[in-house]
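The file structure_3.cif contains mmCIF, N, CA and C atoms and all ligand atoms:
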data_my_file
loop_
_atom_site.label_atom_id
_atom_site.label_comp_id
_atom_site.auth_asym_id
_atom_site.auth_seq_id
_atom_site.Cartn_x
_atom_site.Cartn_y
_atom_site.Cartn_z
N MET A 1 119.64 44.94 83.48
CA MET A 1 118.65 44.99 82.39
C MET A 1 117.24 45.07 82.99
N GLU A 2 116.40 45.82 82.36
CA GLU A 2 115.04 46.00 82.86
C GLU A 2 114.20 44.74 82.63
N ARG A 3 113.44 44.39 83.64
CA ARG A 3 112.59 43.21 83.52
C ARG A 3 111.31 43.56 82.75
N GLN A 4 110.88 42.59 81.94
CA GLN A 4 109.58 42.77 81.28
C GLN A 4 108.51 42.74 82.34
N SER A 5 107.57 43.64 82.29
CA SER A 5 106.50 43.62 83.29
C SER A 5 105.37 42.70 82.87
N LYS A 6 105.29 42.46 81.59
CA LYS A 6 104.19 41.63 81.09
C LYS A 6 104.79 40.44 80.36
N ILE A 7 104.32 39.26 80.70
CA ILE A 7 104.82 38.05 80.07
C ILE A 7 103.96 37.72 78.87
N ASP A 8 104.61 37.55 77.76
CA ASP A 8 103.89 37.18 76.54
C ASP A 8 103.87 35.67 76.44
N ILE A 9 102.77 35.04 76.80
CA ILE A 9 102.75 33.58 76.79
C ILE A 9 102.51 33.02 75.40
N SER A 10 102.39 33.89 74.43
CA SER A 10 102.29 33.37 73.06
C SER A 10 103.65 33.40 72.39
N GLY A 11 104.65 33.89 73.10
CA GLY A 11 105.97 34.10 72.52
C GLY A 11 106.73 32.83 72.20
N VAL A 12 107.67 32.96 71.33
CA VAL A 12 108.55 31.85 70.96
C VAL A 12 109.98 32.33 71.14
N ASN A 13 110.83 31.47 71.66
CA ASN A 13 112.23 31.84 71.84
C ASN A 13 113.10 30.63 71.54
N GLU A 14 114.41 30.79 71.69
CA GLU A 14 115.32 29.69 71.36
C GLU A 14 115.04 28.46 72.20
N ARG A 15 114.74 28.68 73.49
CA ARG A 15 114.46 27.55 74.35
C ARG A 15 113.23 26.79 73.87
N THR A 16 112.25 27.53 73.39
CA THR A 16 111.05 26.90 72.86
C THR A 16 111.41 25.94 71.74
N VAL A 17 112.32 26.39 70.88
CA VAL A 17 112.75 25.54 69.76
C VAL A 17 113.37 24.25 70.29
N ASP A 18 114.20 24.37 71.35
CA ASP A 18 114.79 23.18 71.97
C ASP A 18 113.70 22.21 72.40
N PHE A 19 112.68 22.75 73.05
CA PHE A 19 111.61 21.90 73.58
C PHE A 19 110.82 21.27 72.43
N VAL A 20 110.60 22.01 71.38
CA VAL A 20 109.86 21.49 70.23
C VAL A 20 110.63 20.34 69.60
N LEU A 21 111.94 20.52 69.45
CA LEU A 21 112.77 19.48 68.85
C LEU A 21 112.81 18.24 69.74
N ALA A 22 112.91 18.45 71.04
CA ALA A 22 112.94 17.33 71.98
C ALA A 22 111.61 16.56 71.92
N ARG A 23 110.52 17.30 71.82
CA ARG A 23 109.19 16.68 71.75
C ARG A 23 109.08 15.84 70.48
N ARG A 24 109.52 16.42 69.38
CA ARG A 24 109.46 15.74 68.09
C ARG A 24 110.29 14.45 68.12
N ALA A 25 111.50 14.54 68.69
CA ALA A 25 112.39 13.38 68.77
C ALA A 25 111.76 12.28 69.63
N LEU A 26 111.15 12.70 70.72
CA LEU A 26 110.51 11.74 71.63
C LEU A 26 109.34 11.04 70.93
N LEU A 27 108.55 11.80 70.22
CA LEU A 27 107.40 11.22 69.53
C LEU A 27 107.85 10.28 68.41
N ARG A 28 108.95 10.65 67.73
CA ARG A 28 109.48 9.76 66.69
C ARG A 28 109.96 8.45 67.32
N ALA A 29 110.65 8.55 68.45
CA ALA A 29 111.15 7.36 69.15
C ALA A 29 109.97 6.49 69.59
N PHE A 30 108.91 7.13 70.06
CA PHE A 30 107.71 6.39 70.45
C PHE A 30 107.12 5.68 69.24
N GLY A 31 107.06 6.39 68.12
CA GLY A 31 106.52 5.83 66.89
C GLY A 31 107.31 4.62 66.40
N ARG A 32 108.62 4.62 66.67
CA ARG A 32 109.47 3.50 66.25
C ARG A 32 109.49 2.39 67.30
N GLY A 33 108.78 2.60 68.40
CA GLY A 33 108.73 1.57 69.44
C GLY A 33 109.94 1.57 70.36
N GLU A 34 110.73 2.63 70.31
CA GLU A 34 111.93 2.70 71.15
C GLU A 34 111.62 3.23 72.56
N VAL A 35 110.47 3.84 72.68
CA VAL A 35 110.04 4.37 73.97
C VAL A 35 108.65 3.83 74.27
N LEU A 36 108.47 3.36 75.48
CA LEU A 36 107.17 2.81 75.87
C LEU A 36 106.20 3.91 76.26
N LYS A 37 104.92 3.64 76.06
CA LYS A 37 103.89 4.59 76.45
C LYS A 37 103.98 4.91 77.94
N THR A 38 104.29 3.89 78.74
CA THR A 38 104.37 4.10 80.19
C THR A 38 105.52 5.04 80.56
N GLU A 39 106.49 5.17 79.67
CA GLU A 39 107.63 6.06 79.95
C GLU A 39 107.30 7.52 79.67
N ILE A 40 106.37 7.75 78.76
CA ILE A 40 106.08 9.13 78.39
C ILE A 40 104.71 9.61 78.85
N CYS A 41 103.85 8.67 79.23
CA CYS A 41 102.52 9.03 79.75
C CYS A 41 102.54 8.76 81.24
N ASP A 42 103.33 9.56 81.92
CA ASP A 42 103.65 9.29 83.32
C ASP A 42 103.43 10.50 84.22
N ALA A 43 102.46 11.34 83.87
CA ALA A 43 102.20 12.52 84.70
C ALA A 43 101.90 12.10 86.13
N GLN A 44 102.58 12.73 87.07
CA GLN A 44 102.38 12.44 88.48
C GLN A 44 101.01 12.94 88.92
N PRO A 45 100.48 12.36 90.00
CA PRO A 45 99.14 12.77 90.48
C PRO A 45 99.01 14.28 90.67
N GLU A 46 100.05 14.90 91.19
CA GLU A 46 99.98 16.35 91.42
C GLU A 46 99.85 17.13 90.11
N LEU A 47 100.59 16.69 89.11
CA LEU A 47 100.50 17.33 87.80
C LEU A 47 99.12 17.10 87.18
N MET A 48 98.59 15.90 87.34
CA MET A 48 97.27 15.60 86.80
C MET A 48 96.20 16.46 87.49
N ARG A 49 96.34 16.62 88.80
CA ARG A 49 95.41 17.45 89.56
C ARG A 49 95.47 18.90 89.09
N ALA A 50 96.69 19.40 88.91
CA ALA A 50 96.87 20.77 88.44
C ALA A 50 96.28 20.92 87.04
N ALA A 51 96.52 19.93 86.19
CA ALA A 51 96.01 19.99 84.82
C ALA A 51 94.48 19.99 84.81
N LEU A 52 93.90 19.17 85.66
CA LEU A 52 92.44 19.08 85.73
C LEU A 52 91.82 20.37 86.25
N ASN A 53 92.42 20.94 87.27
CA ASN A 53 91.81 22.10 87.94
C ASN A 53 92.24 23.44 87.36
N LEU A 54 93.48 23.52 86.86
CA LEU A 54 94.01 24.81 86.45
C LEU A 54 94.50 24.81 85.01
N GLY A 55 94.38 23.69 84.33
CA GLY A 55 94.89 23.59 82.96
C GLY A 55 94.17 24.54 82.01
N LYS A 56 94.97 25.12 81.14
CA LYS A 56 94.41 26.02 80.12
C LYS A 56 94.30 25.22 78.82
N PRO A 57 93.10 25.06 78.27
CA PRO A 57 92.95 24.21 77.07
C PRO A 57 93.79 24.70 75.90
N LYS A 58 94.40 23.74 75.22
CA LYS A 58 95.14 24.03 73.99
C LYS A 58 94.26 23.60 72.81
N SER A 59 94.64 24.02 71.64
CA SER A 59 93.84 23.64 70.47
C SER A 59 94.28 22.28 69.92
N SER A 60 95.46 21.81 70.35
CA SER A 60 95.98 20.57 69.77
C SER A 60 95.54 19.33 70.54
N ILE A 61 95.46 18.24 69.79
CA ILE A 61 95.07 16.94 70.32
C ILE A 61 96.31 16.22 70.83
N CYS A 62 96.14 15.37 71.81
CA CYS A 62 97.25 14.60 72.37
C CYS A 62 97.92 13.76 71.26
N PRO A 63 99.25 13.84 71.17
CA PRO A 63 99.96 13.09 70.12
C PRO A 63 100.03 11.58 70.40
N ILE A 64 99.67 11.18 71.59
CA ILE A 64 99.78 9.77 71.96
C ILE A 64 98.43 9.05 71.82
N CYS A 65 97.44 9.51 72.55
CA CYS A 65 96.14 8.81 72.50
C CYS A 65 95.27 9.35 71.37
N ARG A 66 95.59 10.53 70.85
CA ARG A 66 94.84 11.16 69.76
C ARG A 66 93.35 11.22 70.04
N ASP A 67 93.04 11.42 71.30
CA ASP A 67 91.64 11.34 71.73
C ASP A 67 91.19 12.60 72.46
N THR A 68 92.13 13.31 73.06
CA THR A 68 91.78 14.37 73.98
C THR A 68 92.62 15.60 73.68
N LYS A 69 91.99 16.77 73.82
CA LYS A 69 92.74 18.01 73.68
C LYS A 69 93.68 18.18 74.87
N LEU A 70 94.86 18.72 74.57
CA LEU A 70 95.85 18.94 75.61
C LEU A 70 95.50 20.17 76.44
N VAL A 71 96.04 20.24 77.63
CA VAL A 71 95.94 21.46 78.43
C VAL A 71 97.36 21.88 78.82
N SER A 72 97.52 23.18 79.02
CA SER A 72 98.79 23.72 79.49
C SER A 72 98.70 24.03 80.97
N VAL A 73 99.77 23.69 81.67
CA VAL A 73 99.87 24.01 83.09
C VAL A 73 101.15 24.81 83.27
N TYR A 74 101.10 25.84 84.09
CA TYR A 74 102.25 26.72 84.29
C TYR A 74 102.80 26.54 85.70
N PHE A 75 104.11 26.37 85.78
CA PHE A 75 104.76 26.21 87.07
C PHE A 75 105.89 27.21 87.21
N ALA A 76 105.98 27.77 88.40
CA ALA A 76 107.09 28.66 88.72
C ALA A 76 108.05 27.92 89.65
N PHE A 77 109.34 28.01 89.34
CA PHE A 77 110.37 27.43 90.19
C PHE A 77 111.34 28.54 90.58
N GLY A 78 111.84 28.41 91.78
CA GLY A 78 112.81 29.40 92.22
C GLY A 78 113.24 29.08 93.64
N PRO A 79 114.31 29.73 94.09
CA PRO A 79 114.88 29.44 95.41
C PRO A 79 113.89 29.59 96.56
N LYS A 80 112.95 30.51 96.46
CA LYS A 80 112.03 30.73 97.57
C LYS A 80 110.64 30.14 97.30
N LEU A 81 110.56 29.31 96.27
CA LEU A 81 109.29 28.67 95.92
C LEU A 81 109.36 27.20 96.32
N PRO A 82 108.19 26.53 96.43
CA PRO A 82 108.22 25.11 96.80
C PRO A 82 109.09 24.31 95.83
N ALA A 83 109.73 23.25 96.35
CA ALA A 83 110.66 22.45 95.54
C ALA A 83 109.96 21.86 94.31
N HIS A 84 108.69 21.54 94.44
CA HIS A 84 107.95 20.95 93.32
C HIS A 84 107.34 22.04 92.43
N GLY A 85 107.68 23.29 92.72
CA GLY A 85 107.17 24.40 91.91
C GLY A 85 105.82 24.86 92.41
N ARG A 86 105.45 26.04 91.96
CA ARG A 86 104.13 26.56 92.29
C ARG A 86 103.32 26.64 91.00
N CYS A 87 102.14 26.06 91.06
CA CYS A 87 101.29 26.07 89.89
C CYS A 87 100.60 27.43 89.76
N LEU A 88 100.59 27.95 88.54
CA LEU A 88 100.01 29.27 88.28
C LEU A 88 98.87 29.09 87.29
N ASN A 89 97.85 29.94 87.40
CA ASN A 89 96.73 29.72 86.49
C ASN A 89 96.32 30.92 85.65
N SER A 90 97.12 31.95 85.66
CA SER A 90 96.77 33.09 84.81
C SER A 90 98.01 33.91 84.52
N GLU A 91 97.91 34.72 83.48
CA GLU A 91 99.03 35.61 83.15
C GLU A 91 99.30 36.57 84.29
N SER A 92 98.22 37.04 84.94
CA SER A 92 98.43 38.00 86.03
C SER A 92 99.15 37.34 87.20
N GLU A 93 98.86 36.06 87.42
CA GLU A 93 99.56 35.35 88.49
C GLU A 93 101.03 35.14 88.12
N ILE A 94 101.29 34.88 86.85
CA ILE A 94 102.67 34.73 86.38
C ILE A 94 103.41 36.06 86.58
N ASP A 95 102.79 37.15 86.16
CA ASP A 95 103.39 38.47 86.35
C ASP A 95 103.66 38.74 87.82
N SER A 96 102.67 38.41 88.63
CA SER A 96 102.76 38.67 90.05
C SER A 96 103.93 37.91 90.68
N ILE A 97 104.04 36.63 90.35
CA ILE A 97 105.10 35.84 90.98
C ILE A 97 106.48 36.30 90.49
N LEU A 98 106.56 36.73 89.25
CA LEU A 98 107.85 37.19 88.74
C LEU A 98 108.24 38.54 89.33
N SER A 99 107.25 39.31 89.73
CA SER A 99 107.59 40.59 90.35
C SER A 99 108.04 40.38 91.79
N ARG A 100 107.57 39.30 92.43
CA ARG A 100 107.95 39.05 93.82
C ARG A 100 109.18 38.14 93.94
N HIS A 101 109.40 37.31 92.92
CA HIS A 101 110.53 36.37 92.96
C HIS A 101 111.41 36.63 91.75
N ILE A 102 112.40 37.45 91.96
CA ILE A 102 113.21 37.94 90.85
C ILE A 102 113.93 36.82 90.11
N ASP A 103 114.23 35.72 90.83
CA ASP A 103 114.96 34.64 90.18
C ASP A 103 114.08 33.44 89.83
N ALA A 104 112.79 33.64 89.81
CA ALA A 104 111.88 32.53 89.45
C ALA A 104 111.91 32.27 87.96
N LYS A 105 111.63 31.01 87.62
CA LYS A 105 111.48 30.63 86.22
C LYS A 105 110.09 30.02 86.06
N VAL A 106 109.46 30.35 84.96
CA VAL A 106 108.10 29.85 84.74
C VAL A 106 108.11 28.94 83.51
N TYR A 107 107.62 27.74 83.71
CA TYR A 107 107.58 26.75 82.63
C TYR A 107 106.14 26.41 82.28
N GLU A 108 105.93 26.13 81.01
CA GLU A 108 104.64 25.64 80.55
C GLU A 108 104.79 24.16 80.24
N VAL A 109 103.90 23.35 80.79
CA VAL A 109 103.92 21.91 80.56
C VAL A 109 102.61 21.53 79.90
N GLU A 110 102.67 20.73 78.83
CA GLU A 110 101.43 20.26 78.24
C GLU A 110 101.10 18.89 78.81
N VAL A 111 99.81 18.70 79.07
CA VAL A 111 99.36 17.48 79.74
C VAL A 111 98.11 16.96 79.04
N CYS A 112 98.03 15.63 78.90
CA CYS A 112 96.81 15.00 78.42
C CYS A 112 96.08 14.41 79.62
N LEU A 113 94.85 14.82 79.81
CA LEU A 113 94.07 14.34 80.96
C LEU A 113 93.60 12.90 80.75
N ASN A 114 93.71 12.42 79.54
CA ASN A 114 93.27 11.06 79.24
C ASN A 114 94.38 10.04 79.47
N CYS A 115 95.54 10.23 78.81
CA CYS A 115 96.58 9.19 78.86
C CYS A 115 97.78 9.58 79.72
N LYS A 116 97.77 10.78 80.28
CA LYS A 116 98.84 11.26 81.17
C LYS A 116 100.13 11.65 80.44
N TRP A 117 100.04 11.80 79.10
CA TRP A 117 101.19 12.36 78.37
C TRP A 117 101.49 13.72 78.97
N ASN A 118 102.78 14.00 79.14
CA ASN A 118 103.17 15.33 79.63
C ASN A 118 104.52 15.66 79.05
N HIS A 119 104.67 16.93 78.70
CA HIS A 119 105.93 17.35 78.11
C HIS A 119 106.17 18.82 78.41
N LEU A 120 107.42 19.12 78.74
CA LEU A 120 107.80 20.51 78.97
C LEU A 120 107.71 21.24 77.64
N ASP A 121 106.85 22.25 77.62
CA ASP A 121 106.55 22.93 76.38
C ASP A 121 107.46 24.14 76.16
N ARG A 122 107.50 24.99 77.16
CA ARG A 122 108.23 26.26 76.99
C ARG A 122 108.72 26.80 78.32
N LEU A 123 109.82 27.51 78.24
CA LEU A 123 110.23 28.37 79.34
C LEU A 123 109.67 29.74 79.00
N LEU A 124 108.75 30.20 79.82
CA LEU A 124 108.09 31.48 79.51
C LEU A 124 108.87 32.67 80.02
N ALA A 125 109.51 32.48 81.16
CA ALA A 125 110.18 33.62 81.76
C ALA A 125 111.06 33.13 82.88
N PRO A 126 112.07 33.84 83.23
CA PRO A 126 112.50 35.06 82.56
C PRO A 126 113.53 34.74 81.48
N PHE A 127 113.75 35.66 80.63
CA PHE A 127 114.78 35.49 79.61
C PHE A 127 115.99 36.35 79.91
N VAL A 128 115.90 37.17 80.93
CA VAL A 128 116.96 38.15 81.15
C VAL A 128 117.69 37.96 82.47
N PHE A 129 117.36 36.87 83.21
CA PHE A 129 118.00 36.68 84.50
C PHE A 129 118.87 35.43 84.49
N GLY A 130 119.83 35.41 85.43
CA GLY A 130 120.60 34.22 85.72
C GLY A 130 121.17 33.58 84.47
N GLU A 131 121.13 32.24 84.46
CA GLU A 131 121.75 31.50 83.36
C GLU A 131 121.03 31.76 82.04
N GLU A 132 119.76 32.13 82.10
CA GLU A 132 119.01 32.33 80.87
C GLU A 132 119.48 33.58 80.11
N SER A 133 120.17 34.47 80.82
CA SER A 133 120.61 35.69 80.15
C SER A 133 121.97 35.53 79.48
N ALA A 134 122.63 34.40 79.78
CA ALA A 134 123.97 34.18 79.22
C ALA A 134 123.93 34.03 77.70
ZN ZN B 201 96.60 11.46 75.52
#
Turn the structure described in the file into structure tokens.
Ligand SMILES: [Zn+2]
Amino acid sequence: MERQSKIDISGVNERTVDFVLARRALLRAFGRGEVLKTEICDAQPELMRAALNLGKPKSSICPICRDTKLVSVYFAFGPKLPAHGRCLNSESEIDSILSRHIDAKVYEVEVCLNCKWNHLDRLLAPFVFGEESA
């Protein structure tokens, strides 16, 4: 199957729905006191650094502290990429890495720079390779 040359980061897919449902369930559990803030506001220093330096501002406010706008951070994972993923900061960089790493996966993570809330938002690409094509 032909690979998309351009990644649509505004796109929605089935995996996105999974992530949205998981996020909603987590926030409901937090609201009921079943999950501690320290369990969900646990962004690692590296993620916080990436969010601070490369985060793309979102329009939505953090669901936990309700004080700060969220940012999106993009990470590519794949066999020839660093184990902790490679942080990407633009659509062109996402395109570039996918053209060089055929089996890479790119994830969008939302992060709050205030309370360290972080959640896997979306799998952006690819949709046509490996297990994702099944
Ligand atoms: Zn927050």
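Selecting all polymer residues at most 8 Å from ligand ZN 201 (chain B), using only N, CA and C atoms and all ligand atoms, gives Cys41, Ile61, Cys62, Pro63, Ile64, Cys65, Arg66, Asp67, Thr68, Lys69, Leu70, Val111, Cys112, Leu113, Asn114, Cys115, Lys116, Trp117 and Asn118 of chain A.
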What are the DSSP strand (DSSP E) residues of chain A, as a PyMOL selection string? chain A and resi 56-61+69-77+86-88+105-111+118-125
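Note that the spacing between atom N of Gly85 in chain A and atom C of Leu52 in chain A amounts to 17.4 Å.
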Write out as JSON lines a residue-level contact list of range 77-127 of chain A versus range 17-20 of chain A with cut-off 7 Å: for each qualifying residue the closest pair of atoms and the distance in Å to one decimal, counting all atoms listed in the file, rows sorted by chain and residue number upward.
{"residue": "A:Leu120", "atom": "C", "partner": "A:Phe19", "partner_atom": "CA", "distance": 5.7}
{"residue": "A:Asp121", "atom": "C", "partner": "A:Phe19", "partner_atom": "CA", "distance": 5.4}
{"residue": "A:Arg122", "atom": "N", "partner": "A:Phe19", "partner_atom": "CA", "distance": 6.3}
Within 8 Å of (101.9, 27.2, 85.1) in the file's own coordinates, which protein, DNA or RNA residues have an atom, counting only C-alpha atoms? List them as number ranges by chain. A: 72-76, 86-90, 94, 106-109
Using N, CA and C atoms, can you write the selected residues to a file as a short mmCIF file (atom, residue, chain, number, x, y, z; two decimals), in the coordinates of the input?
data_model
loop_
_atom_site.label_atom_id
_atom_site.label_comp_id
_atom_site.auth_asym_id
_atom_site.auth_seq_id
_atom_site.Cartn_x
_atom_site.Cartn_y
_atom_site.Cartn_z
N SER A 72 97.52 23.18 79.02
CA SER A 72 98.79 23.72 79.49
C SER A 72 98.70 24.03 80.97
N VAL A 73 99.77 23.69 81.67
CA VAL A 73 99.87 24.01 83.09
C VAL A 73 101.15 24.81 83.27
N TYR A 74 101.10 25.84 84.09
CA TYR A 74 102.25 26.72 84.29
C TYR A 74 102.80 26.54 85.70
N PHE A 75 104.11 26.37 85.78
CA PHE A 75 104.76 26.21 87.07
C PHE A 75 105.89 27.21 87.21
N ALA A 76 105.98 27.77 88.40
CA ALA A 76 107.09 28.66 88.72
C ALA A 76 108.05 27.92 89.65
N ARG A 86 105.45 26.04 91.96
CA ARG A 86 104.13 26.56 92.29
C ARG A 86 103.32 26.64 91.00
N CYS A 87 102.14 26.06 91.06
CA CYS A 87 101.29 26.07 89.89
C CYS A 87 100.60 27.43 89.76
N LEU A 88 100.59 27.95 88.54
CA LEU A 88 100.01 29.27 88.28
C LEU A 88 98.87 29.09 87.29
N ASN A 89 97.85 29.94 87.40
CA ASN A 89 96.73 29.72 86.49
C ASN A 89 96.32 30.92 85.65
N SER A 90 97.12 31.95 85.66
CA SER A 90 96.77 33.09 84.81
C SER A 90 98.01 33.91 84.52
N ILE A 94 101.29 34.88 86.85
CA ILE A 94 102.67 34.73 86.38
C ILE A 94 103.41 36.06 86.58
N VAL A 106 109.46 30.35 84.96
CA VAL A 106 108.10 29.85 84.74
C VAL A 106 108.11 28.94 83.51
N TYR A 107 107.62 27.74 83.71
CA TYR A 107 107.58 26.75 82.63
C TYR A 107 106.14 26.41 82.28
N GLU A 108 105.93 26.13 81.01
CA GLU A 108 104.64 25.64 80.55
C GLU A 108 104.79 24.16 80.24
N VAL A 109 103.90 23.35 80.79
CA VAL A 109 103.92 21.91 80.56
C VAL A 109 102.61 21.53 79.90
#
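In this structure, atom C of Arg24 in chain A sits 22.5 Å away from atom N of Met48 in chain A.
What separates CA of Leu47 in chain A from CA of Arg32 in chain A is a distance of 27.1 Å.
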Every residue of range 3-134 of chain A that DSSP places in alpha helix (DSSP H), as a tab-separated table (two decimals) with N, CA and C atoms, in the frame of the given file:
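Full text of result_6.tsv as output:
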chain	number	residue	atom	x	y	z
A	14	GLU	N	114.41	30.79	71.69
A	14	GLU	CA	115.32	29.69	71.36
A	14	GLU	C	115.04	28.46	72.20
A	15	ARG	N	114.74	28.68	73.49
A	15	ARG	CA	114.46	27.55	74.35
A	15	ARG	C	113.23	26.79	73.87
A	16	THR	N	112.25	27.53	73.39
A	16	THR	CA	111.05	26.90	72.86
A	16	THR	C	111.41	25.94	71.74
A	17	VAL	N	112.32	26.39	70.88
A	17	VAL	CA	112.75	25.54	69.76
A	17	VAL	C	113.37	24.25	70.29
A	18	ASP	N	114.20	24.37	71.35
A	18	ASP	CA	114.79	23.18	71.97
A	18	ASP	C	113.70	22.21	72.40
A	19	PHE	N	112.68	22.75	73.05
A	19	PHE	CA	111.61	21.90	73.58
A	19	PHE	C	110.82	21.27	72.43
A	20	VAL	N	110.60	22.01	71.38
A	20	VAL	CA	109.86	21.49	70.23
A	20	VAL	C	110.63	20.34	69.60
A	21	LEU	N	111.94	20.52	69.45
A	21	LEU	CA	112.77	19.48	68.85
A	21	LEU	C	112.81	18.24	69.74
A	22	ALA	N	112.91	18.45	71.04
A	22	ALA	CA	112.94	17.33	71.98
A	22	ALA	C	111.61	16.56	71.92
A	23	ARG	N	110.52	17.30	71.82
A	23	ARG	CA	109.19	16.68	71.75
A	23	ARG	C	109.08	15.84	70.48
A	24	ARG	N	109.52	16.42	69.38
A	24	ARG	CA	109.46	15.74	68.09
A	24	ARG	C	110.29	14.45	68.12
A	25	ALA	N	111.50	14.54	68.69
A	25	ALA	CA	112.39	13.38	68.77
A	25	ALA	C	111.76	12.28	69.63
A	26	LEU	N	111.15	12.70	70.72
A	26	LEU	CA	110.51	11.74	71.63
A	26	LEU	C	109.34	11.04	70.93
A	27	LEU	N	108.55	11.80	70.22
A	27	LEU	CA	107.40	11.22	69.53
A	27	LEU	C	107.85	10.28	68.41
A	28	ARG	N	108.95	10.65	67.73
A	28	ARG	CA	109.48	9.76	66.69
A	28	ARG	C	109.96	8.45	67.32
A	29	ALA	N	110.65	8.55	68.45
A	29	ALA	CA	111.15	7.36	69.15
A	29	ALA	C	109.97	6.49	69.59
A	30	PHE	N	108.91	7.13	70.06
A	30	PHE	CA	107.71	6.39	70.45
A	30	PHE	C	107.12	5.68	69.24
A	31	GLY	N	107.06	6.39	68.12
A	31	GLY	CA	106.52	5.83	66.89
A	31	GLY	C	107.31	4.62	66.40
A	37	LYS	N	104.92	3.64	76.06
A	37	LYS	CA	103.89	4.59	76.45
A	37	LYS	C	103.98	4.91	77.94
A	38	THR	N	104.29	3.89	78.74
A	38	THR	CA	104.37	4.10	80.19
A	38	THR	C	105.52	5.04	80.56
A	39	GLU	N	106.49	5.17	79.67
A	39	GLU	CA	107.63	6.06	79.95
A	39	GLU	C	107.30	7.52	79.67
A	40	ILE	N	106.37	7.75	78.76
A	40	ILE	CA	106.08	9.13	78.39
A	40	ILE	C	104.71	9.61	78.85
A	45	PRO	N	100.48	12.36	90.00
A	45	PRO	CA	99.14	12.77	90.48
A	45	PRO	C	99.01	14.28	90.67
A	46	GLU	N	100.05	14.90	91.19
A	46	GLU	CA	99.98	16.35	91.42
A	46	GLU	C	99.85	17.13	90.11
A	47	LEU	N	100.59	16.69	89.11
A	47	LEU	CA	100.50	17.33	87.80
A	47	LEU	C	99.12	17.10	87.18
A	48	MET	N	98.59	15.90	87.34
A	48	MET	CA	97.27	15.60	86.80
A	48	MET	C	96.20	16.46	87.49
A	49	ARG	N	96.34	16.62	88.80
A	49	ARG	CA	95.41	17.45	89.56
A	49	ARG	C	95.47	18.90	89.09
A	50	ALA	N	96.69	19.40	88.91
A	50	ALA	CA	96.87	20.77	88.44
A	50	ALA	C	96.28	20.92	87.04
A	51	ALA	N	96.52	19.93	86.19
A	51	ALA	CA	96.01	19.99	84.82
A	51	ALA	C	94.48	19.99	84.81
A	52	LEU	N	93.90	19.17	85.66
A	52	LEU	CA	92.44	19.08	85.73
A	52	LEU	C	91.82	20.37	86.25
A	53	ASN	N	92.42	20.94	87.27
A	53	ASN	CA	91.81	22.10	87.94
A	53	ASN	C	92.24	23.44	87.36
A	54	LEU	N	93.48	23.52	86.86
A	54	LEU	CA	94.01	24.81	86.45
A	54	LEU	C	94.50	24.81	85.01
A	91	GLU	N	97.91	34.72	83.48
A	91	GLU	CA	99.03	35.61	83.15
A	91	GLU	C	99.30	36.57	84.29
A	92	SER	N	98.22	37.04	84.94
A	92	SER	CA	98.43	38.00	86.03
A	92	SER	C	99.15	37.34	87.20
A	93	GLU	N	98.86	36.06	87.42
A	93	GLU	CA	99.56	35.35	88.49
A	93	GLU	C	101.03	35.14	88.12
A	94	ILE	N	101.29	34.88	86.85
A	94	ILE	CA	102.67	34.73	86.38
A	94	ILE	C	103.41	36.06	86.58
A	95	ASP	N	102.79	37.15	86.16
A	95	ASP	CA	103.39	38.47	86.35
A	95	ASP	C	103.66	38.74	87.82
A	96	SER	N	102.67	38.41	88.63
A	96	SER	CA	102.76	38.67	90.05
A	96	SER	C	103.93	37.91	90.68
A	97	ILE	N	104.04	36.63	90.35
A	97	ILE	CA	105.10	35.84	90.98
A	97	ILE	C	106.48	36.30	90.49
A	98	LEU	N	106.56	36.73	89.25
A	98	LEU	CA	107.85	37.19	88.74
A	98	LEU	C	108.24	38.54	89.33
A	99	SER	N	107.25	39.31	89.73
A	99	SER	CA	107.59	40.59	90.35
A	99	SER	C	108.04	40.38	91.79
A	100	ARG	N	107.57	39.30	92.43
A	100	ARG	CA	107.95	39.05	93.82
A	100	ARG	C	109.18	38.14	93.94
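Closest to Pro57 in chain A among A:Val71, A:His101, A:Thr16, A:Gln44 is A:Val71, based on all atoms listed in the file.
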